[in-house]
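Below is the file input_7.csv, which contains CSV, C-alpha atoms and all ligand atoms.
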```
chain,number,residue,atom,x,y,z
A,345,LYS,CA,72.2,123.4,148.9
A,346,THR,CA,75.9,123.1,148.0
A,347,ILE,CA,77.3,122.5,144.6
A,348,PRO,CA,80.4,120.2,144.3
A,349,ALA,CA,83.3,121.8,142.4
A,350,THR,CA,86.9,121.0,141.8
A,351,LEU,CA,89.5,123.5,143.1
A,352,ILE,CA,93.0,123.6,141.7
A,353,PRO,CA,95.3,125.9,143.7
A,354,GLY,CA,98.0,125.7,141.0
A,355,ASP,CA,101.5,127.0,140.9
A,356,GLY,CA,103.4,130.2,141.5
A,357,ILE,CA,101.0,132.9,142.5
A,358,GLY,CA,98.2,130.3,142.2
A,359,PRO,CA,97.7,129.5,145.9
A,360,GLU,CA,97.8,133.1,146.9
A,361,ILE,CA,95.2,134.3,144.4
A,362,MET,CA,93.0,131.2,145.1
A,363,ASP,CA,93.0,132.0,148.8
A,364,ALA,CA,91.9,135.5,148.1
A,365,VAL,CA,89.2,134.4,145.7
A,366,THR,CA,87.7,131.7,148.1
A,367,GLU,CA,87.7,134.3,150.9
A,368,ILE,CA,85.6,136.6,148.7
A,369,LEU,CA,83.3,133.7,147.6
A,370,ASP,CA,82.8,132.7,151.2
A,371,ALA,CA,82.0,136.4,152.1
A,372,VAL,CA,79.0,136.4,149.7
A,373,GLY,CA,78.0,132.8,150.7
A,374,ALA,CA,78.8,131.1,147.4
A,375,PRO,CA,77.4,127.6,147.5
A,376,PHE,CA,80.5,125.7,146.3
A,377,ALA,CA,81.6,122.5,148.1
A,378,TRP,CA,85.3,122.4,147.1
A,379,ASP,CA,87.1,119.3,146.2
A,380,LYS,CA,90.8,120.4,146.3
A,381,GLN,CA,93.0,118.7,143.7
A,382,LEU,CA,96.5,119.0,142.4
A,383,ALA,CA,97.8,119.8,138.9
A,384,GLY,CA,100.9,121.4,137.4
A,385,MET,CA,104.3,121.5,139.2
A,386,ALA,CA,102.5,121.0,142.6
A,387,ALA,CA,101.3,117.6,141.2
A,388,VAL,CA,104.6,116.7,139.7
A,389,ASP,CA,106.3,117.3,143.1
A,390,ALA,CA,103.7,115.2,144.9
A,391,THR,CA,102.9,112.4,142.4
A,392,GLY,CA,105.3,112.7,139.5
A,393,ASN,CA,102.3,113.4,137.2
A,394,PRO,CA,101.3,117.0,136.2
A,395,LEU,CA,97.7,115.9,135.8
A,396,PRO,CA,97.0,113.0,138.2
A,397,PRO,CA,94.0,110.7,137.6
A,398,GLN,CA,92.4,111.8,140.8
A,399,THR,CA,92.2,115.4,139.4
A,400,ILE,CA,90.6,114.2,136.2
A,401,ASP,CA,88.1,112.0,138.2
A,402,SER,CA,87.2,114.9,140.3
A,403,ILE,CA,86.3,117.1,137.4
A,404,ARG,CA,84.4,114.2,135.8
A,405,ARG,CA,82.4,114.0,139.0
A,406,THR,CA,81.8,117.7,139.6
A,407,GLY,CA,81.7,118.9,136.0
A,408,LEU,CA,82.9,122.2,137.3
A,409,ALA,CA,86.4,123.5,138.2
A,410,LEU,CA,88.1,126.7,139.3
A,411,LYS,CA,91.7,126.5,138.3
A,412,SER,CA,94.7,128.7,139.2
A,413,PRO,CA,97.5,129.0,136.7
A,414,LEU,CA,99.8,126.1,136.3
A,415,THR,CA,103.5,126.2,135.5
A,416,THR,CA,104.1,124.1,132.4
A,417,PRO,CA,107.0,121.8,133.3
A,418,VAL,CA,109.9,122.6,131.0
A,419,GLY,CA,111.4,119.5,129.3
A,420,GLY,CA,110.4,116.0,130.4
A,421,GLY,CA,108.1,115.8,127.4
A,422,PHE,CA,104.9,116.8,129.3
A,423,LYS,CA,102.0,117.8,127.1
A,424,SER,CA,100.4,121.1,128.0
A,425,ILE,CA,98.0,120.4,130.9
A,426,ASN,CA,95.5,123.0,129.6
A,427,VAL,CA,95.4,121.3,126.2
A,428,THR,CA,95.0,117.9,127.8
A,429,LEU,CA,92.1,119.1,129.9
A,430,ARG,CA,90.4,120.7,126.9
A,431,GLN,CA,90.6,117.4,125.0
A,432,GLU,CA,89.8,115.1,127.9
A,433,PHE,CA,86.5,116.9,128.6
A,434,GLY,CA,85.7,118.3,125.1
A,435,LEU,CA,85.9,121.9,126.3
A,436,TYR,CA,85.1,123.2,122.9
A,437,ALA,CA,84.3,126.9,123.7
A,438,ASN,CA,86.8,129.3,125.2
A,439,LEU,CA,84.9,132.3,126.5
A,440,ARG,CA,86.8,135.5,127.2
A,441,PRO,CA,84.8,138.6,128.2
A,442,THR,CA,86.6,141.9,128.1
A,443,ARG,CA,85.2,144.8,130.2
A,444,THR,CA,86.6,148.1,131.4
A,445,PHE,CA,86.8,148.2,135.2
A,446,VAL,CA,89.3,151.0,135.7
A,447,PRO,CA,87.4,154.1,134.6
A,448,GLY,CA,89.1,156.7,132.5
A,449,ALA,CA,91.5,154.2,131.0
A,450,ARG,CA,92.8,154.6,127.4
A,451,PHE,CA,89.9,152.4,126.2
A,452,ASP,CA,86.9,153.4,128.3
A,453,LYS,CA,83.6,151.5,128.5
A,454,ILE,CA,84.7,148.4,126.7
A,455,ASP,CA,82.3,145.5,126.9
A,456,LEU,CA,82.8,142.7,124.5
A,457,VAL,CA,83.0,138.9,124.5
A,458,LEU,CA,85.3,136.8,122.5
A,459,VAL,CA,84.3,133.1,121.8
A,460,ARG,CA,87.2,131.0,120.6
A,461,GLU,CA,87.0,127.5,119.2
A,462,ASN,CA,89.1,125.5,121.6
A,463,LEU,CA,89.8,122.0,120.0
A,464,GLU,CA,90.5,122.3,116.3
A,465,GLY,CA,92.2,124.6,113.8
A,466,TYR,CA,96.0,124.9,113.9
A,467,TYR,CA,96.1,123.6,117.4
A,468,ALA,CA,96.0,120.1,116.0
A,469,ALA,CA,99.8,120.3,116.0
A,470,MET,CA,100.2,118.3,112.8
A,471,GLU,CA,103.6,119.6,112.1
A,472,SER,CA,106.7,118.2,110.5
A,473,TYR,CA,110.1,119.2,109.4
A,474,ILE,CA,111.9,117.6,106.6
A,475,PRO,CA,115.4,117.6,108.0
A,476,VAL,CA,118.5,117.5,105.8
A,477,GLY,CA,121.0,118.5,108.4
A,478,ASP,CA,121.1,122.2,108.7
A,479,ASP,CA,120.3,122.5,105.0
A,480,PRO,CA,119.2,126.1,104.3
A,481,HIS,CA,116.5,124.6,102.1
A,482,GLY,CA,114.9,122.7,105.0
A,483,ILE,CA,111.2,123.1,105.3
A,484,ALA,CA,108.8,123.1,108.2
A,485,THR,CA,105.1,122.4,107.6
A,486,GLY,CA,102.0,122.7,109.7
A,487,ALA,CA,98.5,121.7,109.0
A,488,GLY,CA,95.2,122.3,110.7
A,489,TYR,CA,91.6,121.1,110.4
A,490,ASN,CA,88.2,122.4,111.1
A,491,SER,CA,85.1,120.1,111.1
A,492,ARG,CA,81.7,121.3,109.9
A,493,ALA,CA,80.1,120.0,113.1
A,494,GLU,CA,82.5,121.9,115.3
A,495,CYS,CA,82.2,125.2,113.3
A,496,ASN,CA,78.5,124.9,113.6
A,497,ARG,CA,78.6,124.2,117.3
A,498,ILE,CA,81.0,127.1,118.2
A,499,VAL,CA,79.0,129.7,116.2
A,500,ARG,CA,75.8,128.3,117.8
A,501,PHE,CA,77.4,128.7,121.2
A,502,ALA,CA,78.2,132.3,120.4
A,503,PHE,CA,74.6,133.1,119.3
A,504,GLU,CA,73.1,131.3,122.2
A,505,TYR,CA,75.4,133.3,124.5
A,506,ALA,CA,74.2,136.5,122.8
A,507,VAL,CA,70.5,135.6,123.3
A,508,LYS,CA,71.0,134.6,127.0
A,509,HIS,CA,73.0,137.7,127.8
A,510,GLY,CA,71.0,140.3,125.8
A,511,ARG,CA,73.7,141.0,123.3
A,512,LYS,CA,72.8,142.4,119.9
A,513,LYS,CA,75.5,141.4,117.5
A,514,VAL,CA,77.8,138.5,116.6
A,515,THR,CA,80.8,139.0,114.4
A,516,LEU,CA,82.2,136.0,112.5
A,517,VAL,CA,86.0,136.5,112.3
A,518,HIS,CA,87.8,134.5,109.6
A,519,LYS,CA,90.4,134.5,106.8
A,520,ALA,CA,88.3,132.9,104.1
A,521,ASN,CA,89.9,135.0,101.4
A,522,ILE,CA,93.2,133.1,101.8
A,523,LEU,CA,92.4,130.0,103.8
A,524,LYS,CA,89.5,129.4,101.6
A,525,LEU,CA,88.7,125.9,102.9
A,526,LEU,CA,90.0,125.8,106.4
A,527,THR,CA,88.3,129.0,107.5
A,528,GLY,CA,85.9,129.1,104.6
A,529,LEU,CA,84.1,126.2,106.3
A,530,PHE,CA,83.8,128.2,109.5
A,531,LEU,CA,82.3,131.1,107.6
A,532,GLU,CA,79.9,128.9,105.6
A,533,GLU,CA,78.6,127.2,108.8
A,534,GLY,CA,78.5,130.6,110.6
A,535,ARG,CA,76.3,132.1,108.0
A,536,LYS,CA,73.9,129.1,108.2
A,537,VAL,CA,73.6,129.5,112.0
A,538,ALA,CA,73.2,133.2,111.7
A,539,LYS,CA,70.1,132.8,109.5
A,540,GLU,CA,68.4,130.9,112.4
A,541,TYR,CA,68.9,133.9,114.6
A,542,GLU,CA,67.8,136.5,112.1
A,543,GLY,CA,65.7,139.2,113.7
A,544,ARG,CA,67.0,138.3,117.1
A,545,VAL,CA,70.7,138.7,116.9
A,546,GLU,CA,72.5,140.7,114.2
A,547,CYS,CA,75.5,139.1,112.4
A,548,ASN,CA,78.4,140.6,110.5
A,549,GLU,CA,81.7,139.3,109.2
A,550,ARG,CA,85.3,140.5,109.5
A,551,ILE,CA,88.6,139.3,108.1
A,552,VAL,CA,90.9,138.6,111.1
A,553,ASP,CA,93.7,141.1,110.2
A,554,ALA,CA,91.2,144.0,109.7
A,555,CYS,CA,89.5,142.9,112.9
A,556,ALA,CA,92.8,143.3,114.8
A,557,MET,CA,93.2,146.8,113.5
A,558,GLN,CA,89.6,147.8,114.2
A,559,LEU,CA,89.8,146.4,117.7
A,560,VAL,CA,92.4,149.0,118.4
A,561,ILE,CA,90.9,151.9,116.5
A,562,ASP,CA,87.2,151.4,117.4
A,563,PRO,CA,86.6,148.4,119.8
A,564,TRP,CA,83.2,149.6,120.7
A,565,GLN,CA,81.7,148.4,117.4
A,566,TYR,CA,82.1,144.8,118.7
A,567,ASP,CA,79.7,142.9,120.9
A,568,VAL,CA,80.3,139.1,120.6
A,569,ILE,CA,83.2,137.9,118.4
A,570,VAL,CA,83.4,134.2,117.4
A,571,THR,CA,86.4,132.8,115.6
A,572,THR,CA,88.6,129.7,115.1
A,573,ASN,CA,91.3,128.6,117.6
A,574,LEU,CA,94.5,130.4,116.6
A,575,PHE,CA,92.8,133.7,115.6
A,576,GLY,CA,90.9,133.6,119.0
A,577,ASP,CA,94.1,133.0,120.9
A,578,ILE,CA,95.8,136.0,119.4
A,579,LEU,CA,92.7,138.4,119.4
A,580,SER,CA,91.8,137.5,123.0
A,581,ASP,CA,95.3,138.7,124.2
A,582,LEU,CA,94.7,141.9,122.2
A,583,THR,CA,91.3,142.4,123.8
A,584,ALA,CA,92.8,141.8,127.3
A,585,GLY,CA,95.3,144.5,126.5
A,586,LEU,CA,92.5,147.0,125.8
A,587,VAL,CA,91.4,146.9,129.5
A,588,GLY,CA,94.6,146.8,131.5
A,589,GLY,CA,96.2,143.5,130.6
A,590,LEU,CA,96.3,140.1,132.1
A,591,GLY,CA,95.5,141.0,135.7
A,592,MET,CA,91.9,141.7,134.7
A,593,ALA,CA,91.3,138.9,132.1
A,594,PRO,CA,89.1,135.9,133.0
A,595,GLY,CA,88.4,132.9,130.8
A,596,ALA,CA,86.1,129.9,130.8
A,597,ASN,CA,86.6,126.6,128.9
A,598,ILE,CA,83.2,125.2,128.4
A,599,GLY,CA,82.1,121.7,127.1
A,600,GLU,CA,78.9,119.8,127.2
A,601,LYS,CA,79.8,117.8,130.4
A,602,ALA,CA,82.3,120.1,132.1
A,603,ALA,CA,83.4,123.7,132.5
A,604,VAL,CA,86.8,124.9,133.7
A,605,PHE,CA,87.2,128.6,134.8
A,606,GLU,CA,90.5,130.3,135.1
A,607,ALA,CA,92.5,133.5,134.8
A,608,VAL,CA,94.1,134.1,131.4
A,609,HIS,CA,97.5,134.9,133.0
A,610,GLY,CA,100.1,132.4,134.0
A,611,SER,CA,101.7,131.5,137.3
A,612,ALA,CA,103.9,134.6,137.5
A,613,PRO,CA,106.9,133.0,139.1
A,614,ASP,CA,108.6,136.5,139.3
A,615,ILE,CA,106.2,137.6,141.9
A,616,ALA,CA,105.2,134.3,143.5
A,617,GLY,CA,105.1,134.1,147.3
A,618,LYS,CA,105.6,137.9,147.6
A,619,ASP,CA,102.0,138.9,148.3
A,620,LEU,CA,102.0,141.0,145.1
A,621,ALA,CA,99.6,139.2,142.8
A,622,ASN,CA,96.3,140.7,141.6
A,623,PRO,CA,93.6,138.2,142.3
A,624,LEU,CA,91.0,140.0,140.1
A,625,ALA,CA,91.3,137.9,137.0
A,626,LEU,CA,90.7,134.7,138.9
A,627,LEU,CA,87.9,136.4,140.9
A,628,LEU,CA,86.2,137.4,137.6
A,629,ALA,CA,86.6,133.8,136.4
A,630,ALA,CA,84.9,132.7,139.7
A,631,ASN,CA,82.1,135.2,138.8
A,632,MET,CA,81.6,133.6,135.4
A,633,MET,CA,81.4,130.3,137.3
A,634,LEU,CA,78.7,131.7,139.6
A,635,GLU,CA,76.7,132.8,136.5
A,636,HIS,CA,77.2,129.4,135.0
A,637,ILE,CA,75.5,127.8,138.0
A,638,GLY,CA,72.7,130.4,137.9
A,639,ARG,CA,73.9,132.6,140.7
A,640,ALA,CA,74.2,135.9,138.9
A,641,ASP,CA,72.9,137.5,142.1
A,642,LEU,CA,76.2,136.6,143.8
A,643,SER,CA,78.4,137.6,140.9
A,644,THR,CA,76.6,140.9,140.7
A,645,ARG,CA,77.4,141.6,144.4
A,646,ILE,CA,81.1,140.8,143.8
A,647,GLU,CA,81.2,142.9,140.7
A,648,SER,CA,79.7,145.9,142.6
A,649,GLY,CA,82.4,145.4,145.2
A,650,ILE,CA,85.1,145.4,142.6
A,651,ARG,CA,83.7,148.5,140.9
A,652,ALA,CA,83.6,150.3,144.3
A,653,VAL,CA,87.1,149.4,145.4
A,654,ILE,CA,88.6,150.2,142.0
A,655,THR,CA,87.6,153.9,142.4
A,656,LYS,CA,90.3,154.1,145.1
A,657,PRO,CA,93.5,153.6,143.2
A,658,GLU,CA,95.7,153.4,146.3
A,659,LEU,CA,93.9,150.3,147.5
A,660,LEU,CA,94.7,148.3,144.3
A,661,THR,CA,97.6,146.0,143.7
A,662,ARG,CA,100.7,147.3,142.1
A,663,ASP,CA,100.1,146.1,138.6
A,664,LEU,CA,97.1,148.4,138.6
A,665,GLY,CA,99.1,151.3,140.0
A,666,GLY,CA,98.1,150.8,143.7
A,667,LYS,CA,100.1,150.1,146.8
A,668,SER,CA,98.3,147.1,148.3
A,669,GLY,CA,99.5,143.5,148.6
A,670,THR,CA,97.2,140.6,147.7
A,671,ARG,CA,95.9,140.2,151.3
A,672,GLU,CA,95.5,143.9,151.9
A,673,PHE,CA,93.6,144.3,148.6
A,674,THR,CA,91.4,141.3,149.4
A,675,ALA,CA,90.5,142.7,152.8
A,676,ALA,CA,89.7,146.1,151.2
A,677,LEU,CA,87.5,144.4,148.6
A,678,LYS,CA,85.7,142.5,151.3
A,679,GLN,CA,84.9,145.8,153.0
A,680,HIS,CA,83.4,147.1,149.8
A,681,LEU,CA,81.0,144.2,149.4
A,682,VAL,CA,77.4,145.1,150.2
B,701,LIG,P1,102.5,135.1,133.3
B,701,LIG,O1,101.1,135.5,132.9
B,701,LIG,O2,102.7,134.2,134.4
B,701,LIG,O3,103.3,136.5,133.7
B,701,LIG,C1,103.6,137.6,132.8
B,701,LIG,C2,103.8,138.9,133.6
B,701,LIG,O4,102.6,139.3,134.1
B,701,LIG,C3,104.8,138.7,134.7
B,701,LIG,O5,105.5,139.8,134.9
B,701,LIG,C4,103.8,138.6,135.9
B,701,LIG,O6,104.4,139.0,137.1
B,701,LIG,C5,102.6,139.4,135.5
B,701,LIG,N1,101.4,138.9,136.1
B,701,LIG,C6,100.7,137.8,135.7
B,701,LIG,N2,99.6,137.6,136.4
B,701,LIG,C7,99.6,138.6,137.4
B,701,LIG,C8,98.7,138.9,138.4
B,701,LIG,N3,97.6,138.2,138.7
B,701,LIG,N4,99.0,140.0,139.2
B,701,LIG,C9,100.1,140.7,138.9
B,701,LIG,N5,101.0,140.5,137.9
B,701,LIG,C10,100.7,139.4,137.1
B,701,LIG,O7,103.3,134.6,132.0
B,701,LIG,P2,104.7,133.8,131.9
B,701,LIG,O8,105.7,134.4,132.8
B,701,LIG,O9,104.9,133.8,130.4
B,701,LIG,O10,104.4,132.3,132.3
B,701,LIG,C11,104.7,131.8,133.6
B,701,LIG,C12,104.3,130.4,133.7
B,701,LIG,O11,102.8,130.3,133.6
B,701,LIG,C13,104.8,129.5,132.6
B,701,LIG,O12,105.2,128.2,133.2
B,701,LIG,C14,103.6,129.3,131.7
B,701,LIG,O13,103.7,128.1,131.0
B,701,LIG,C15,102.5,129.3,132.7
B,701,LIG,N6,101.2,129.7,132.1
B,701,LIG,C16,100.1,129.0,132.5
B,701,LIG,C17,98.8,129.4,132.1
B,701,LIG,C18,97.6,128.6,132.6
B,701,LIG,O14,97.8,127.8,133.5
B,701,LIG,N7,96.4,128.9,132.2
B,701,LIG,C19,98.6,130.5,131.1
B,701,LIG,C20,99.8,131.2,130.7
B,701,LIG,C21,101.1,130.8,131.2
B,702,MG,MG,97.1,132.4,124.4
```

Would you mind giving the structure from this file in structure tokens?
Ligand code: NAI
Ligand code: MG
Amino acid sequence: KTIPATLIPGDGIGPEIMDAVTEILDAVGAPFAWDKQLAGMAAVDATGNPLPPQTIDSIRRTGLALKSPLTTPVGGGFKSINVTLRQEFGLYANLRPTRTFVPGARFDKIDLVLVRENLEGYYAAMESYIPVGDDPHGIATGAGYNSRAECNRIVRFAFEYAVKHGRKKVTLVHKANILKLLTGLFLEEGRKVAKEYEGRVECNERIVDACAMQLVIDPWQYDVIVTTNLFGDILSDLTAGLVGGLGMAPGANIGEKAAVFEAVHGSAPDIAGKDLANPLALLLAANMMLEHIGRADLSTRIESGIRAVITKPELLTRDLGGKSGTREFTAALKQHLV
């Protein structure tokens, strides 16, 4: 039985890493029936629109997408495609797991998950500037909002994730000492939800700045972190940095009717078309997608292959200190699948 899914090859290194990933998915017999669609600069070139209606229709039909990075067109007044997708499909949860794959790294044995609220907070972009020429007294302002319902939903998502994945602890990360209402509401709802899971999942709280420091000093104390939009954006780049950076960081944008899986990194125009890109972040995103459709058996096989090939540093791509190109690495990984 096949499962229809939208595939967006994207821009820059996108098509190269997508080819690598579909090759590995095919090798383990992943059941996706791909509906290939355009977005980003590839779509601008073909249709003049960075997010054509056919692409949106496809995701509406499949409820499932694997997306390569998109180059955000500079100028022309395009709104970020990623933000548009999140809003269009109500992709309220941004899930970013961080795990050590390269053994003996500076931060060994990391295994934590960050859940970021994806629709509200300071990303509402309610900004203004009161311009009086280049008046040195000019003022820029920005506002954000969090809704009680959304705070409740995102914390619940984190606890449900913990229960399903056998995780022990959820940390509510906030700044309620200063942003007493904006993030105080998140903390208030978080505590309510935590009570419902008492005895099953432990809950604690951290102020975001202290959390940033502790993530560097002692990341192992964390299991699942849940936080509001901007804090999650910043902390998830920090956690990616703990395990070797962007080449290894997958992410999922999850809503009630659709889920979009992607690498955290961008289209890397500096190495595009040169067979240098590391496909692992997108492959790990594809693994999350397999788990999402209940095929953890396949993601486990791929993960074992990754863990096996990673013990041979020379086979890795250059960003991980190896010598292989994208294709050579993909072929090597394929040989390590069992
Ligand atoms: P980037 O993530 O594309 O690149 C940053 C650095 O990391 C570059 O040196 C690049 O070569 C390297 N890198 C990234 N992914 C790699 C991989 N898989 N293997 C090996 N090296 C890799 O960030 P940058 O340069 O700021 O953005 C480039 C474009 O990507 C921009 O147009 C930006 O808007 C877009 N972008 C798109 C995202 C998305 O679609 N989700 C996310 C972030 C940026
Ligand atoms: Mg970010």

- Message: Please list as a PyMOL selection string every residue within 8 Å of Thr416 in chain A, counting only C-alpha atoms and excluding residues in the same chain fewer than 3 positions away.
- Response: chain A and resi 384-385+422+424-425

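Distance annotation: of A:Ile598, A:Cys555, A:Ala630, A:Val608, the residue with the minimal separation from His518 in chain A is A:Cys555; atom set is all atoms listed in the file.
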
- Task: For CA of Tyr436 in chain A and CA of Asn597 in chain A, quote the distance in Å rounded to one decimal.
- Result: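 Between CA of Tyr436 in chain A and CA of Asn597 in chain A the gap is 7.1 Å.
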
- Query: When you draw a straight line from atom C2 of ligand LIG 701 (chain B) to CA of Ile615 in chain A, how long is it in Å?
  - Reply: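 That distance, rounded to one decimal, is 8.7 Å.
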
- Set the cut-off to 7 Å, count all atoms listed in the file, and list whatever residues fall near ligand MG 702 (chain B) as a PyMOL selection string. chain A and resi 577-578+581

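For the pair CA of Ser412 in chain A and CA of Gly358 in chain A, the separation is 4.9 Å.
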
- Looking at A:Pro657, A:Ala640, A:Lys601, A:Lys453, which one is nearest to Gln565 in chain A, with distances taken over all atoms listed in the file?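 Among the listed residues, the smallest separation from Gln565 in chain A belongs to A:Lys453.
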
- Selected residue of minimal separation from ligand LIG 701 (chain B) among A:Lys618, A:Arg639, A:Lys345, A:Arg544, counting all atoms listed in the file: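 Between A:Lys618, A:Arg639, A:Lys345, A:Arg544, the residue approaching ligand LIG 701 (chain B) most closely is A:Lys618.
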
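In terms of minimum interatomic distance to ligand LIG 701 (chain B), A:Ala612 ranks closest within A:Ala612, A:Ile637, A:Ala607, A:Ala493, counting all atoms listed in the file.
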
- Long-range neighbours of Ala468 in chain A as a list in words, 9 Å cut-off, all atoms listed in the file, 5 positions minimum in chain: Leu463, Ala487, Gly488 and Tyr489 of chain A

- ligand LIG 701 (chain B): which residues are within 6 Å, counting all atoms listed in the file, as a list in words? Pro413, Leu414, Thr415, Thr416, Leu590, Gly591, Val608, His609, Gly610, Ser611, Ala612, Asp614, Ile615, Ala621, Asn622, Pro623 and Asp663 of chain A

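Of the listed residues (A:Leu627, A:Leu677, A:Leu529, A:Ala409), A:Leu677 comes nearest to Ile654 in chain A; the distances count only C-alpha atoms.
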
- Can you tell me, as JSON, numbers by chain, what residues are no more than 12 Å from Asp455 in chain A when counting all atoms listed in the file, ignoring any on the same chain fewer than 2 positions away? {"A": [440, 441, 442, 443, 444, 445, 451, 452, 453, 457, 458, 511, 559, 563, 564, 565, 566, 567, 568, 569, 583, 584, 586, 587]}

- Message: Let me make sure I understand: among A:Lys536, A:Arg450, A:Arg492, A:His481, which one has the smallest atom-to-atom distance to Glu464 in chain A if we use only C-alpha atoms?
- Response: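 Among the listed residues, A:Arg492 lies closest to Glu464 in chain A.
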
- Item | Long-range neighbours of range 503-508 of chain A as number ranges by chain, 12 Å cut-off, all atoms listed in the file, 6 positions minimum in chain | A: 437, 439-441, 456-459, 496-497, 514-516, 534-547, 567-570, 598, 635-636, 638

Write the selection just made, keeping C-alpha atoms, as a JSON list (two decimals), in the coordinates of the input?
```json
[["chain", "number", "residue", "atom", "x", "y", "z"],
["A", 437, "ALA", "CA", 84.30, 126.90, 123.70],
["A", 439, "LEU", "CA", 84.90, 132.30, 126.50],
["A", 440, "ARG", "CA", 86.80, 135.50, 127.20],
["A", 441, "PRO", "CA", 84.80, 138.60, 128.20],
["A", 456, "LEU", "CA", 82.80, 142.70, 124.50],
["A", 457, "VAL", "CA", 83.00, 138.90, 124.50],
["A", 458, "LEU", "CA", 85.30, 136.80, 122.50],
["A", 459, "VAL", "CA", 84.30, 133.10, 121.80],
["A", 496, "ASN", "CA", 78.50, 124.90, 113.60],
["A", 497, "ARG", "CA", 78.60, 124.20, 117.30],
["A", 514, "VAL", "CA", 77.80, 138.50, 116.60],
["A", 515, "THR", "CA", 80.80, 139.00, 114.40],
["A", 516, "LEU", "CA", 82.20, 136.00, 112.50],
["A", 534, "GLY", "CA", 78.50, 130.60, 110.60],
["A", 535, "ARG", "CA", 76.30, 132.10, 108.00],
["A", 536, "LYS", "CA", 73.90, 129.10, 108.20],
["A", 537, "VAL", "CA", 73.60, 129.50, 112.00],
["A", 538, "ALA", "CA", 73.20, 133.20, 111.70],
["A", 539, "LYS", "CA", 70.10, 132.80, 109.50],
["A", 540, "GLU", "CA", 68.40, 130.90, 112.40],
["A", 541, "TYR", "CA", 68.90, 133.90, 114.60],
["A", 542, "GLU", "CA", 67.80, 136.50, 112.10],
["A", 543, "GLY", "CA", 65.70, 139.20, 113.70],
["A", 544, "ARG", "CA", 67.00, 138.30, 117.10],
["A", 545, "VAL", "CA", 70.70, 138.70, 116.90],
["A", 546, "GLU", "CA", 72.50, 140.70, 114.20],
["A", 547, "CYS", "CA", 75.50, 139.10, 112.40],
["A", 567, "ASP", "CA", 79.70, 142.90, 120.90],
["A", 568, "VAL", "CA", 80.30, 139.10, 120.60],
["A", 569, "ILE", "CA", 83.20, 137.90, 118.40],
["A", 570, "VAL", "CA", 83.40, 134.20, 117.40],
["A", 598, "ILE", "CA", 83.20, 125.20, 128.40],
["A", 635, "GLU", "CA", 76.70, 132.80, 136.50],
["A", 636, "HIS", "CA", 77.20, 129.40, 135.00],
["A", 638, "GLY", "CA", 72.70, 130.40, 137.90]]
```
